[in-house]
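See below for the structure under consideration.
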Amino acid sequence: QVQLVESGGGLVQPGGSLKLSCVASERTFARYPVSWYRQVPGKEREWVASAASGGASNYAESVRDRFRAYRDNAKNTLYLEMNSLKPEDTAVYFCNLIKQGRTYWGQGTQVTVSI
């Protein structure tokens, strides 16, 4: 069983920045791809970014050039640096880890972008 704990969400004004963290209980964290998703009430969960086990990152078009996903394997942690935040970035942000065909999710952290 893998546990994921997100933190770092909060209220920020448009144009501001936040940094999210996701700490995994998995001691072999470095072996597995990890991702960030977000969800707004009443909508499907949306992929935001992924960080492969080798470190390469990919991004949804809506966040490319504003967000940066990276991992610190020594700390079993995935990060999401979010800059130039927009009201449409408001959502609950979740991290996930895929291990041996099974997907694990954290409980999510709320990000609200508003004046």
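Chain identifiers are assigned as A, B, and so on, following the order in which chains appear in the structure tokens; residues are numbered from 1 within each chain, and ligands are numbered from 1 in order of appearance.
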Determine, for each residue of region 4-64 of chain A having at least one atom at most 7 Å from an atom of region 89-110 of chain A, the closest pair of atoms and their separation in Å to one decimal, counting only C-alpha atoms; order by chain and ascending number, as CSV.
```
residue,atom,partner,partner_atom,distance
A:Leu4,CA,A:Gly106,CA,4.5
A:Val5,CA,A:Gly106,CA,5.4
A:Glu6,CA,A:Gly108,CA,5.9
A:Ser7,CA,A:Thr109,CA,5.9
A:Gly9,CA,A:Gln110,CA,5.2
A:Gly10,CA,A:Gln110,CA,6.2
A:Cys22,CA,A:Cys95,CA,6.5
A:Tyr32,CA,A:Lys99,CA,6.2
A:Pro33,CA,A:Leu97,CA,6.1
A:Val34,CA,A:Leu97,CA,4.6
A:Ser35,CA,A:Asn96,CA,5.3
A:Trp36,CA,A:Cys95,CA,4.5
A:Tyr37,CA,A:Phe94,CA,5.1
A:Arg38,CA,A:Tyr93,CA,4.3
A:Gln39,CA,A:Ala91,CA,5.3
A:Val40,CA,A:Ala91,CA,4.9
```
Using all heavy atoms, can you write the selected residues to a file as a short mmCIF file (atom, residue, chain, number, x, y, z; two decimals), in the first residue's frame?
```cif
data_model
loop_
_atom_site.label_atom_id
_atom_site.label_comp_id
_atom_site.auth_asym_id
_atom_site.auth_seq_id
_atom_site.Cartn_x
_atom_site.Cartn_y
_atom_site.Cartn_z
N LEU A 4 0.07 8.75 -0.18
CA LEU A 4 0.52 10.01 -0.75
C LEU A 4 -0.14 11.15 0.02
O LEU A 4 -1.36 11.11 0.23
CB LEU A 4 0.14 10.10 -2.23
CG LEU A 4 0.67 8.98 -3.14
CD1 LEU A 4 0.01 9.04 -4.50
CD2 LEU A 4 2.17 9.07 -3.27
N VAL A 5 0.64 12.13 0.42
CA VAL A 5 0.11 13.26 1.18
C VAL A 5 0.51 14.56 0.49
O VAL A 5 1.71 14.89 0.43
CB VAL A 5 0.61 13.24 2.63
CG1 VAL A 5 0.04 14.44 3.39
CG2 VAL A 5 0.23 11.93 3.31
N GLU A 6 -0.49 15.29 0.00
CA GLU A 6 -0.26 16.57 -0.64
C GLU A 6 -0.34 17.70 0.38
O GLU A 6 -1.05 17.60 1.38
CB GLU A 6 -1.29 16.86 -1.73
CG GLU A 6 -1.36 15.85 -2.86
CD GLU A 6 -2.45 14.82 -2.64
OE1 GLU A 6 -2.83 14.59 -1.47
OE2 GLU A 6 -2.94 14.25 -3.63
N SER A 7 0.38 18.78 0.10
CA SER A 7 0.31 19.98 0.93
C SER A 7 0.72 21.18 0.10
O SER A 7 1.23 21.03 -1.02
CB SER A 7 1.22 19.84 2.16
OG SER A 7 2.57 19.72 1.76
N GLY A 9 -1.36 23.87 -0.71
CA GLY A 9 -2.45 24.62 -1.33
C GLY A 9 -2.82 25.84 -0.49
O GLY A 9 -2.36 26.02 0.63
N GLY A 10 -3.70 26.67 -1.06
CA GLY A 10 -4.13 27.85 -0.34
C GLY A 10 -4.82 28.84 -1.26
O GLY A 10 -5.15 28.52 -2.41
N CYS A 22 4.05 16.64 -2.60
CA CYS A 22 3.39 15.34 -2.44
C CYS A 22 4.45 14.38 -1.92
O CYS A 22 5.40 14.05 -2.64
CB CYS A 22 2.83 14.87 -3.76
SG CYS A 22 2.23 13.16 -3.74
N TYR A 32 9.04 4.83 -9.98
CA TYR A 32 7.70 4.92 -10.56
C TYR A 32 7.36 6.31 -11.06
O TYR A 32 7.77 7.32 -10.48
CB TYR A 32 6.67 4.48 -9.51
CG TYR A 32 6.96 3.12 -8.95
CD1 TYR A 32 7.47 2.96 -7.67
CD2 TYR A 32 6.76 1.99 -9.74
CE1 TYR A 32 7.77 1.70 -7.18
CE2 TYR A 32 7.07 0.73 -9.25
CZ TYR A 32 7.57 0.60 -7.98
OH TYR A 32 7.87 -0.64 -7.49
N PRO A 33 6.56 6.37 -12.13
CA PRO A 33 6.09 7.67 -12.60
C PRO A 33 5.08 8.26 -11.63
O PRO A 33 4.30 7.53 -11.01
CB PRO A 33 5.44 7.35 -13.95
CG PRO A 33 5.02 5.92 -13.83
CD PRO A 33 6.04 5.27 -12.96
N VAL A 34 5.12 9.58 -11.49
CA VAL A 34 4.19 10.29 -10.61
C VAL A 34 3.60 11.47 -11.37
O VAL A 34 4.24 12.01 -12.28
CB VAL A 34 4.89 10.77 -9.32
CG1 VAL A 34 5.13 9.61 -8.37
CG2 VAL A 34 6.21 11.46 -9.62
N SER A 35 2.40 11.85 -10.98
CA SER A 35 1.68 12.88 -11.73
C SER A 35 0.87 13.77 -10.81
O SER A 35 0.56 13.39 -9.68
CB SER A 35 0.73 12.23 -12.74
OG SER A 35 1.42 11.44 -13.67
N TRP A 36 0.55 14.93 -11.35
CA TRP A 36 -0.41 15.85 -10.72
C TRP A 36 -1.67 15.89 -11.58
O TRP A 36 -1.60 15.97 -12.80
CB TRP A 36 0.16 17.25 -10.61
CG TRP A 36 1.22 17.41 -9.58
CD1 TRP A 36 2.57 17.45 -9.78
CD2 TRP A 36 1.02 17.55 -8.16
NE1 TRP A 36 3.22 17.60 -8.59
CE2 TRP A 36 2.29 17.66 -7.57
CE3 TRP A 36 -0.11 17.59 -7.33
CZ2 TRP A 36 2.48 17.82 -6.20
CZ3 TRP A 36 0.08 17.74 -5.98
CH2 TRP A 36 1.35 17.86 -5.41
N TYR A 37 -2.82 15.87 -10.89
CA TYR A 37 -4.13 16.06 -11.50
C TYR A 37 -4.86 17.14 -10.72
O TYR A 37 -4.48 17.47 -9.59
CB TYR A 37 -4.95 14.76 -11.45
CG TYR A 37 -4.55 13.72 -12.45
CD1 TYR A 37 -3.37 12.99 -12.30
CD2 TYR A 37 -5.35 13.44 -13.55
CE1 TYR A 37 -3.00 12.02 -13.22
CE2 TYR A 37 -5.00 12.47 -14.48
CZ TYR A 37 -3.82 11.77 -14.30
OH TYR A 37 -3.48 10.81 -15.22
N ARG A 38 -5.92 17.65 -11.30
CA ARG A 38 -6.76 18.60 -10.58
C ARG A 38 -8.22 18.36 -10.93
O ARG A 38 -8.54 17.82 -12.00
CB ARG A 38 -6.37 20.04 -10.88
CG ARG A 38 -6.55 20.47 -12.32
CD ARG A 38 -5.94 21.86 -12.52
NE ARG A 38 -6.13 22.35 -13.88
CZ ARG A 38 -5.58 23.46 -14.35
NH1 ARG A 38 -4.79 24.22 -13.57
NH2 ARG A 38 -5.81 23.84 -15.59
N GLN A 39 -9.08 18.78 -10.01
CA GLN A 39 -10.51 18.54 -10.21
C GLN A 39 -11.33 19.68 -9.64
O GLN A 39 -11.09 20.13 -8.51
CB GLN A 39 -10.93 17.22 -9.55
CG GLN A 39 -12.33 16.78 -9.90
CD GLN A 39 -12.60 15.36 -9.46
OE1 GLN A 39 -11.96 14.83 -8.55
NE2 GLN A 39 -13.56 14.72 -10.12
N VAL A 40 -12.28 20.10 -10.45
CA VAL A 40 -13.25 21.10 -10.05
C VAL A 40 -14.57 20.38 -9.81
O VAL A 40 -14.90 19.44 -10.56
CB VAL A 40 -13.41 22.16 -11.16
CG1 VAL A 40 -14.51 23.14 -10.83
CG2 VAL A 40 -12.09 22.88 -11.40
#
```
### Task
From a DSSP pass on the backbone, collect the residues of chain A flagged as strand (DSSP E or B) and hand them back as a PyMOL selection string.
chain A and resi 4-7+10-12+18-24+34-39+46-51+57-59+67-72+77-82+91-99+102-105+109-113
#### Entry: Best match for closeness to Lys86 (chain A) among A:Ala49, A:Val2, A:Val63, A:Ala30, counting only C-alpha atoms
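Among A:Ala49, A:Val2, A:Val63, A:Ala30, it is A:Val63 that comes nearest to Lys86 (chain A).
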### Task
Check the DSSP output for the backbone and give back, as a ChimeraX atom specification, the residues of chain A in helix (DSSP H, G or I).
/A:29-31,73-75,87-89
With N, CA and C atoms retained, could you export that selection as an mmCIF file, in the first residue's frame?
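The resulting result_3.cif:
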```cif
data_model
loop_
_atom_site.group_PDB
_atom_site.id
_atom_site.type_symbol
_atom_site.label_atom_id
_atom_site.label_comp_id
_atom_site.auth_asym_id
_atom_site.auth_seq_id
_atom_site.Cartn_x
_atom_site.Cartn_y
_atom_site.Cartn_z
ATOM 1 N N PHE A 29 10.143 4.891 -4.362
ATOM 2 C CA PHE A 29 9.499 5.988 -5.078
ATOM 3 C C PHE A 29 10.177 6.282 -6.402
ATOM 4 N N ALA A 30 11.501 6.258 -6.403
ATOM 5 C CA ALA A 30 12.266 6.658 -7.584
ATOM 6 C C ALA A 30 11.955 5.810 -8.810
ATOM 7 N N ARG A 31 11.432 4.627 -8.627
ATOM 8 C CA ARG A 31 11.206 3.707 -9.743
ATOM 9 C C ARG A 31 9.950 4.028 -10.549
ATOM 10 N N ASN A 73 13.859 12.386 -5.426
ATOM 11 C CA ASN A 73 13.735 10.968 -5.078
ATOM 12 C C ASN A 73 14.327 10.648 -3.706
ATOM 13 N N ALA A 74 15.302 11.417 -3.276
ATOM 14 C CA ALA A 74 15.896 11.183 -1.952
ATOM 15 C C ALA A 74 14.897 11.471 -0.838
ATOM 16 N N LYS A 75 13.915 12.337 -1.141
ATOM 17 C CA LYS A 75 12.901 12.691 -0.149
ATOM 18 C C LYS A 75 11.540 12.063 -0.466
ATOM 19 N N PRO A 87 -7.533 32.406 -12.323
ATOM 20 C CA PRO A 87 -8.731 31.890 -11.631
ATOM 21 C C PRO A 87 -9.129 30.498 -12.109
ATOM 22 N N GLU A 88 -8.906 30.201 -13.368
ATOM 23 C CA GLU A 88 -9.275 28.876 -13.889
ATOM 24 C C GLU A 88 -8.357 27.761 -13.397
ATOM 25 N N ASP A 89 -7.290 28.111 -12.680
ATOM 26 C CA ASP A 89 -6.458 27.088 -12.046
ATOM 27 C C ASP A 89 -7.037 26.633 -10.710
#
```
#### Entry: Shell around Phe67 (chain A) at 10 Å using only C-alpha atoms, local window under 4 positions removed, as a list in words
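Neighbouring residues, sequence-local ones excluded: Ser17, Leu18, Lys19, Val48, Ala49, Tyr59, Ala60, Ser62, Val63, Leu80, Glu81, Met82, Asn83, Ser84 and Leu85 of chain A.
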